[in-house]
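Shown here: entry_0.cif, mmCIF, C-alpha atoms.
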data_model
loop_
_atom_site.label_atom_id
_atom_site.label_comp_id
_atom_site.auth_asym_id
_atom_site.auth_seq_id
_atom_site.Cartn_x
_atom_site.Cartn_y
_atom_site.Cartn_z
CA ARG D 1 203.95 -82.36 -11.03
CA ARG D 2 206.31 -81.28 -8.32
CA PRO D 3 207.79 -84.13 -6.26
CA GLN D 4 206.14 -84.66 -2.91
CA ARG D 5 208.06 -84.42 0.34
CA LYS D 6 208.14 -88.20 0.76
CA GLU D 7 209.57 -88.63 -2.75
CA MET D 8 212.23 -85.97 -2.06
CA ASN D 9 213.20 -87.70 1.19
CA GLU D 10 213.58 -91.00 -0.65
CA LEU D 11 215.81 -89.33 -3.24
CA LEU D 12 217.90 -87.53 -0.60
CA ALA D 13 218.44 -90.84 1.20
CA PHE D 14 221.06 -91.49 -1.48
CA GLY D 15 222.78 -88.17 -0.73
CA GLY D 16 225.28 -89.69 1.70
CA PHE D 17 226.36 -92.29 -0.82
CA MET D 18 226.72 -89.61 -3.50
CA ILE D 19 229.11 -87.75 -1.15
CA VAL D 20 231.09 -90.98 -0.71
CA LEU D 21 231.36 -91.43 -4.49
CA MET D 22 232.39 -87.79 -5.04
CA CYS D 23 235.14 -88.06 -2.41
CA LYS D 24 236.50 -91.19 -4.09
CA GLN D 25 236.43 -89.42 -7.44
CA ILE D 26 238.33 -86.44 -6.02
CA THR D 27 241.17 -88.76 -5.00
CA TYR D 28 241.51 -90.37 -8.42
CA ASN D 29 240.99 -87.14 -10.37
CA GLN D 30 243.74 -85.45 -8.33
CA ALA D 31 246.12 -88.25 -9.35
CA VAL D 32 245.25 -87.83 -13.04
CA ALA D 33 245.76 -84.05 -12.87
CA LEU D 34 249.09 -84.40 -11.07
CA ALA D 35 250.41 -86.94 -13.56
CA ALA D 36 249.47 -84.61 -16.41
CA ARG D 37 251.53 -81.82 -14.83
CA ILE D 38 254.69 -83.93 -14.62
CA SER D 39 255.16 -84.61 -18.34
CA PRO D 40 253.31 -86.01 -21.35
CA GLU D 41 255.15 -89.32 -20.93
CA ALA D 42 254.24 -89.54 -17.22
CA SER D 43 250.64 -88.72 -18.07
CA ALA D 44 250.55 -91.44 -20.74
CA ALA D 45 252.09 -93.97 -18.35
CA HIS D 46 249.60 -92.99 -15.64
CA GLN D 47 246.72 -93.50 -18.07
CA ILE D 48 247.97 -96.97 -18.97
CA VAL D 49 248.27 -98.10 -15.34
CA TYR D 50 245.05 -96.34 -14.40
CA ALA D 51 243.07 -97.90 -17.27
CA VAL D 52 244.25 -101.42 -16.39
CA SER D 53 243.59 -100.70 -12.71
CA ARG D 54 240.06 -99.45 -13.44
CA PHE D 55 239.37 -102.66 -15.36
CA CYS D 56 240.60 -104.65 -12.37
CA TYR D 57 238.69 -102.42 -9.91
CA THR D 58 235.53 -103.64 -11.62
CA LEU D 59 236.47 -107.20 -10.63
CA GLY D 60 236.89 -105.99 -7.05
CA ASP D 61 233.67 -103.98 -7.04
CA THR D 62 231.70 -107.22 -7.27
CA THR D 63 232.79 -108.02 -3.71
CA GLY D 64 231.06 -104.89 -2.39
CA ALA D 65 227.84 -105.79 -4.17
CA THR D 66 228.11 -109.33 -2.80
CA ALA D 67 228.53 -108.03 0.73
CA GLN D 68 225.48 -105.80 0.42
CA ALA D 69 223.38 -108.60 -1.06
CA PHE D 70 224.29 -111.42 1.32
CA LEU D 71 225.05 -109.79 4.67
CA PRO D 72 222.33 -111.10 7.00
CA PRO D 73 220.46 -108.68 9.23
CA LEU D 74 221.91 -108.29 12.73
CA VAL D 75 222.84 -111.93 13.44
CA LYS D 76 225.69 -114.08 12.19
CA ARG D 77 227.37 -111.16 10.42
CA LYS D 78 230.99 -111.92 11.29
CA PRO D 79 231.06 -115.35 9.57
CA THR D 80 229.51 -113.80 6.45
CA ILE D 81 231.95 -110.87 6.55
CA SER D 82 234.82 -113.38 6.80
CA LYS D 83 233.54 -115.33 3.78
CA VAL D 84 233.12 -112.17 1.73
CA CYS D 85 236.65 -111.05 2.66
CA ILE D 86 238.10 -114.45 1.71
CA MET D 87 236.37 -114.20 -1.67
CA ALA D 88 237.72 -110.64 -1.99
CA CYS D 89 241.26 -111.86 -1.28
CA MET D 90 241.04 -114.34 -4.15
CA VAL D 91 239.81 -111.58 -6.47
CA SER D 92 242.65 -109.37 -5.14
CA LEU D 93 245.32 -111.85 -6.17
CA ILE D 94 243.91 -112.12 -9.68
CA ALA D 95 243.49 -108.35 -10.14
CA SER D 96 246.93 -107.39 -8.82
CA SER D 97 248.60 -110.14 -10.87
CA ILE D 98 246.94 -108.84 -14.06
CA LEU D 99 248.41 -105.37 -13.52
CA TYR D 100 251.83 -106.46 -12.28
CA PHE D 101 252.55 -109.11 -14.92
CA LEU D 102 250.92 -107.46 -17.92
CA PRO D 103 253.69 -106.53 -20.41
CA THR D 104 253.97 -102.77 -20.94
CA ALA D 105 254.74 -103.39 -24.63
CA LEU D 106 251.05 -104.19 -25.13
CA PHE D 107 250.26 -100.51 -24.64
CA THR D 108 253.24 -98.55 -25.93
CA THR D 109 256.54 -98.92 -27.75
CA ASP D 110 257.94 -95.70 -26.27
CA PRO D 111 260.78 -96.67 -23.88
CA THR D 112 260.26 -93.59 -21.66
CA ILE D 113 256.59 -94.40 -21.12
CA GLN D 114 257.44 -98.06 -20.56
CA ALA D 115 259.97 -97.04 -17.90
CA HIS D 116 257.35 -94.86 -16.18
CA VAL D 117 254.82 -97.73 -16.23
CA THR D 118 257.39 -100.12 -14.80
CA SER D 119 258.23 -97.64 -12.02
CA VAL D 120 254.64 -97.64 -10.71
CA LYS D 121 253.40 -101.18 -11.41
CA LEU D 122 254.32 -102.39 -7.92
CA TYR D 123 252.36 -99.62 -6.17
CA GLY D 124 249.43 -100.14 -8.53
CA ALA D 125 249.46 -103.89 -7.86
CA LEU D 126 249.62 -103.32 -4.09
CA GLY D 127 246.65 -100.98 -4.31
CA LEU D 128 244.76 -103.60 -6.34
CA LEU D 129 245.65 -106.20 -3.74
CA LEU D 130 243.69 -104.16 -1.19
CA HIS D 131 240.88 -102.81 -3.36
CA PRO D 132 238.50 -105.82 -3.44
CA VAL D 133 238.80 -106.30 0.33
CA VAL D 134 238.25 -102.57 0.93
CA VAL D 135 235.19 -102.56 -1.32
CA ALA D 136 233.85 -105.72 0.39
CA LEU D 137 234.24 -104.06 3.79
CA GLU D 138 232.59 -100.91 2.46
CA GLY D 139 229.72 -103.09 1.21
CA CYS D 140 229.40 -104.58 4.70
CA LEU D 141 229.24 -101.08 6.19
CA LEU D 142 226.58 -100.08 3.67
CA ALA D 143 224.61 -103.23 4.46
CA ASN D 144 224.83 -102.23 8.14
CA ASN D 145 223.39 -98.78 7.24
CA ASP D 146 226.60 -97.17 8.47
CA ILE D 147 226.43 -94.45 5.81
CA ARG D 148 226.92 -91.52 8.23
CA TRP D 149 230.22 -92.96 9.41
CA LEU D 150 231.28 -93.60 5.80
CA VAL D 151 230.43 -90.02 4.83
CA LYS D 152 232.55 -88.62 7.70
CA ASN D 153 235.39 -90.98 6.84
CA TYR D 154 235.32 -90.07 3.15
CA LEU D 155 235.06 -86.34 3.81
CA MET D 156 238.25 -86.56 5.88
CA THR D 157 239.90 -88.73 3.24
CA GLY D 158 238.85 -86.35 0.44
CA LEU D 159 240.26 -83.36 2.33
CA ALA D 160 243.48 -85.25 3.01
CA SER D 161 243.71 -86.12 -0.70
CA ILE D 162 243.53 -82.47 -1.66
CA LEU D 163 246.17 -81.46 0.90
CA ILE D 164 248.57 -84.36 0.31
CA CYS D 165 248.56 -83.90 -3.45
CA PHE D 166 250.47 -80.61 -3.05
CA PHE D 167 253.49 -82.69 -2.00
CA LEU D 168 253.50 -85.29 -4.77
CA ARG D 169 256.09 -84.53 -7.44
CA ASP D 170 256.61 -87.69 -9.49
CA LEU D 171 254.64 -90.66 -10.78
CA PRO D 172 255.86 -93.22 -8.19
CA SER D 173 254.83 -90.88 -5.35
CA ILE D 174 251.35 -90.51 -6.90
CA TRP D 175 250.88 -94.28 -7.10
CA CYS D 176 252.39 -94.75 -3.64
CA TYR D 177 249.78 -92.27 -2.43
CA LEU D 178 246.99 -94.25 -4.16
CA PHE D 179 248.24 -97.39 -2.39
CA VAL D 180 248.26 -95.55 0.97
CA TYR D 181 244.72 -94.36 0.21
CA GLN D 182 243.60 -97.99 -0.14
CA LEU D 183 245.54 -98.97 2.99
CA SER D 184 243.96 -96.19 5.06
CA ARG D 185 240.48 -97.27 3.96
CA PHE D 186 241.28 -100.89 4.83
CA LEU D 187 242.61 -99.98 8.29
CA SER D 188 239.57 -97.84 9.10
CA PHE D 189 236.88 -100.08 7.54
CA LEU D 190 238.02 -103.44 9.00
CA PRO D 191 237.50 -102.69 12.71
CA ARG D 192 234.28 -100.83 11.95
CA ALA D 193 232.84 -103.75 9.95
CA LEU D 194 233.82 -106.31 12.60
CA ARG D 195 232.55 -104.40 15.64
#
Do you think you could lay out the structure here as structure tokens?
Amino acid sequence: RRPQRKEMNELLAFGGFMIVLMCKQITYNQAVALAARISPEASAAHQIVYAVSRFCYTLGDTTGATAQAFLPPLVKRKPTISKVCIMACMVSLIASSILYFLPTALFTTDPTIQAHVTSVKLYGALGLLLHPVVVALEGCLLANNDIRWLVKNYLMTGLASILICFFLRDLPSIWCYLFVYQLSRFLSFLPRALR
């Protein structure tokens, strides 16, 4: 049978979050496409750093789920937000250390690719340092039903990603951009979550 109006409304309630996820994906897909245009070695190095980062992002993503699960309704939110952010900071240190200190020789013996990986590890680690806290704050905003604000924020960020990527010419600038992306989310989410 055809879905009823109520069922469609329940499904479309997730529409805002789907927009948020698509905007995030645009940012990371742009970085992959740009790295591929630079050279095969840059693309391979990007894939190494990106794969390790994605593994570590999963560690950070747990902080967002924790924030959504444990943020109390309306009262006593700030102490809970602080606890979630402290937990996220501990996860951040672990995740960024994994990327920064992981030997590149585990993934490739090619010296050119190793040099590319080494040139971006710092930016990748800095981005990972922010990611769990950013995701925790995003989880707090989701728990506060602040999805409309998140959609507006991510639409602007997604548009900026598309425009900025025209100016990125090498692998370090791509990973610097990904770090700035995390920083911009942190700087916009923190005051919104604590208001």
Report the residues retrieved by the PyMOL selection byres ((chain D and resi 62) around 12) from the displayed file, expressed as a list in words.
->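 That selection, the PyMOL selection byres ((chain D and resi 62) around 12), comes back as Cys56, Tyr57, Thr58, Leu59, Gly60, Asp61, Thr63, Gly64, Ala65, Thr66, Ala67, Gln68, Ala69, Val84, Cys85, Met87, Ala88, Val91, Ser92, His131, Pro132, Val133, Val134, Val135, Ala136, Leu137, Glu138 and Gly139 of chain D.
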Residues near Leu106 in chain D, cut-off 12 Å, only C-alpha atoms, skip fewer than 6 positions along chain, as a list in words =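 Using only C-alpha atoms, the neighbours found are Ile48, Val49, Val52, Leu99, Ile113, Gln114 and Val117 of chain D.
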Keeping only C-alpha atoms, take the residues you just selected and write them out as a short mmCIF file (atom, residue, chain, number, x, y, z; two decimals), in the coordinates of the input.
data_model
loop_
_atom_site.label_atom_id
_atom_site.label_comp_id
_atom_site.auth_asym_id
_atom_site.auth_seq_id
_atom_site.Cartn_x
_atom_site.Cartn_y
_atom_site.Cartn_z
CA ILE D 48 247.97 -96.97 -18.97
CA VAL D 49 248.27 -98.10 -15.34
CA VAL D 52 244.25 -101.42 -16.39
CA LEU D 99 248.41 -105.37 -13.52
CA ILE D 113 256.59 -94.40 -21.12
CA GLN D 114 257.44 -98.06 -20.56
CA VAL D 117 254.82 -97.73 -16.23
#
Hits from the PyMOL selection byres ((chain D and resi 177-194) around 7), listed as a list of chain:residue names = D:Lys78, D:Tyr123, D:Gly124, D:Leu126, D:Gly127, D:Leu130, D:His131, D:Val134, D:Leu137, D:Glu138, D:Cys140, D:Leu141, D:Ser173, D:Ile174, D:Trp175, D:Cys176, D:Arg195
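Nearest residue to Phe17 in chain D, choosing from D:Val151, D:Ala160, D:Val32, D:Cys165 and counting all atoms listed in the file: D:Val151.
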Nearest candidate to Cys89 in chain D (options D:Ala45, D:Ser119, D:Tyr50, D:Leu129; using only C-alpha atoms) |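 So, comparing all the options, the nearest one is D:Leu129.
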What gap, in Å, lies between CA of Tyr100 in chain D and CA of Lys121 in chain D?
-> 5.6 Å
May I ask for the distance between CA of Leu128 in chain D and CA of Leu93 in chain D, given in Å to one decimal place?
->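 Computed distance, CA of Leu128 in chain D to CA of Leu93 in chain D, equals 8.3 Å.
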From the list D:Asn29, D:Trp149, D:Thr118, D:Leu163, the nearest residue to Ala105 in chain D using only C-alpha atoms is D:Thr118
Contacts of Leu155 in chain D at 10 Å (all atoms listed in the file; same-chain gap of 2+ positions) as a PyMOL selection string | chain D and resi 19-20+22-24+149-153+157-161
Those residues you just picked out, can you put them in a file as a PDB file, in the frame of the given file with C-alpha atoms?
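And here is the file that came out, selection_4.pdb:
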ATOM      1  CA  ILE D  19     229.110 -87.750  -1.150  1.00  0.00           C
ATOM      2  CA  VAL D  20     231.090 -90.980  -0.710  1.00  0.00           C
ATOM      3  CA  MET D  22     232.390 -87.790  -5.040  1.00  0.00           C
ATOM      4  CA  CYS D  23     235.140 -88.060  -2.410  1.00  0.00           C
ATOM      5  CA  LYS D  24     236.500 -91.190  -4.090  1.00  0.00           C
ATOM      6  CA  TRP D 149     230.220 -92.960   9.410  1.00  0.00           C
ATOM      7  CA  LEU D 150     231.280 -93.600   5.800  1.00  0.00           C
ATOM      8  CA  VAL D 151     230.430 -90.020   4.830  1.00  0.00           C
ATOM      9  CA  LYS D 152     232.550 -88.620   7.700  1.00  0.00           C
ATOM     10  CA  ASN D 153     235.390 -90.980   6.840  1.00  0.00           C
ATOM     11  CA  THR D 157     239.900 -88.730   3.240  1.00  0.00           C
ATOM     12  CA  GLY D 158     238.850 -86.350   0.440  1.00  0.00           C
ATOM     13  CA  LEU D 159     240.260 -83.360   2.330  1.00  0.00           C
ATOM     14  CA  ALA D 160     243.480 -85.250   3.010  1.00  0.00           C
ATOM     15  CA  SER D 161     243.710 -86.120  -0.700  1.00  0.00           C
TER      16      SER D 161
END
Looking at D:Ala51, D:Ser82, D:His116, D:Asp110, which one is nearest to Asp170 in chain D, with distances taken over all atoms listed in the file?
-> D:His116
Only N, CA, C and O atoms, as an mmCIF file, in the first residue's frame: that is what I want for range 53-65 of chain D.
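Output below, filename part29.cif:
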data_model
loop_
_atom_site.group_PDB
_atom_site.id
_atom_site.type_symbol
_atom_site.label_atom_id
_atom_site.label_comp_id
_atom_site.auth_asym_id
_atom_site.auth_seq_id
_atom_site.Cartn_x
_atom_site.Cartn_y
_atom_site.Cartn_z
ATOM 1 N N SER D 53 42.491 7.999 9.200
ATOM 2 C CA SER D 53 41.624 9.017 9.805
ATOM 3 C C SER D 53 40.205 8.507 9.950
ATOM 4 O O SER D 53 39.570 8.695 10.995
ATOM 5 N N ARG D 54 39.681 7.857 8.901
ATOM 6 C CA ARG D 54 38.308 7.334 8.970
ATOM 7 C C ARG D 54 38.170 6.298 10.089
ATOM 8 O O ARG D 54 37.159 6.255 10.780
ATOM 9 N N PHE D 55 39.201 5.476 10.270
ATOM 10 C CA PHE D 55 39.182 4.522 11.378
ATOM 11 C C PHE D 55 39.096 5.281 12.704
ATOM 12 O O PHE D 55 38.313 4.938 13.589
ATOM 13 N N CYS D 56 39.902 6.334 12.828
ATOM 14 C CA CYS D 56 39.918 7.115 14.063
ATOM 15 C C CYS D 56 38.650 7.966 14.212
ATOM 16 O O CYS D 56 38.223 8.231 15.335
ATOM 17 N N TYR D 57 38.060 8.397 13.098
ATOM 18 C CA TYR D 57 36.793 9.137 13.174
ATOM 19 C C TYR D 57 35.729 8.275 13.851
ATOM 20 O O TYR D 57 34.879 8.784 14.579
ATOM 21 N N THR D 58 35.769 6.979 13.607
ATOM 22 C CA THR D 58 34.799 6.073 14.225
ATOM 23 C C THR D 58 34.919 6.132 15.747
ATOM 24 O O THR D 58 33.913 6.103 16.458
ATOM 25 N N LEU D 59 36.157 6.218 16.250
ATOM 26 C CA LEU D 59 36.343 6.378 17.695
ATOM 27 C C LEU D 59 35.668 7.657 18.166
ATOM 28 O O LEU D 59 34.988 7.680 19.193
ATOM 29 N N GLY D 60 35.840 8.732 17.399
ATOM 30 C CA GLY D 60 35.256 10.018 17.757
ATOM 31 C C GLY D 60 33.750 10.050 17.626
ATOM 32 O O GLY D 60 33.061 10.738 18.387
ATOM 33 N N ASP D 61 33.223 9.306 16.668
ATOM 34 C CA ASP D 61 31.774 9.315 16.442
ATOM 35 C C ASP D 61 31.000 8.793 17.652
ATOM 36 O O ASP D 61 29.829 9.130 17.839
ATOM 37 N N THR D 62 31.648 7.987 18.471
ATOM 38 C CA THR D 62 30.966 7.490 19.672
ATOM 39 C C THR D 62 30.604 8.630 20.620
ATOM 40 O O THR D 62 29.629 8.523 21.366
ATOM 41 N N THR D 63 31.361 9.719 20.581
ATOM 42 C CA THR D 63 31.060 10.837 21.476
ATOM 43 C C THR D 63 29.756 11.529 21.079
ATOM 44 O O THR D 63 29.019 11.997 21.943
ATOM 45 N N GLY D 64 29.464 11.582 19.784
ATOM 46 C CA GLY D 64 28.198 12.166 19.332
ATOM 47 C C GLY D 64 27.012 11.324 19.764
ATOM 48 O O GLY D 64 25.989 11.852 20.224
ATOM 49 N N ALA D 65 27.162 10.010 19.644
ATOM 50 C CA ALA D 65 26.088 9.107 20.074
ATOM 51 C C ALA D 65 25.891 9.207 21.582
ATOM 52 O O ALA D 65 24.759 9.191 22.078
#
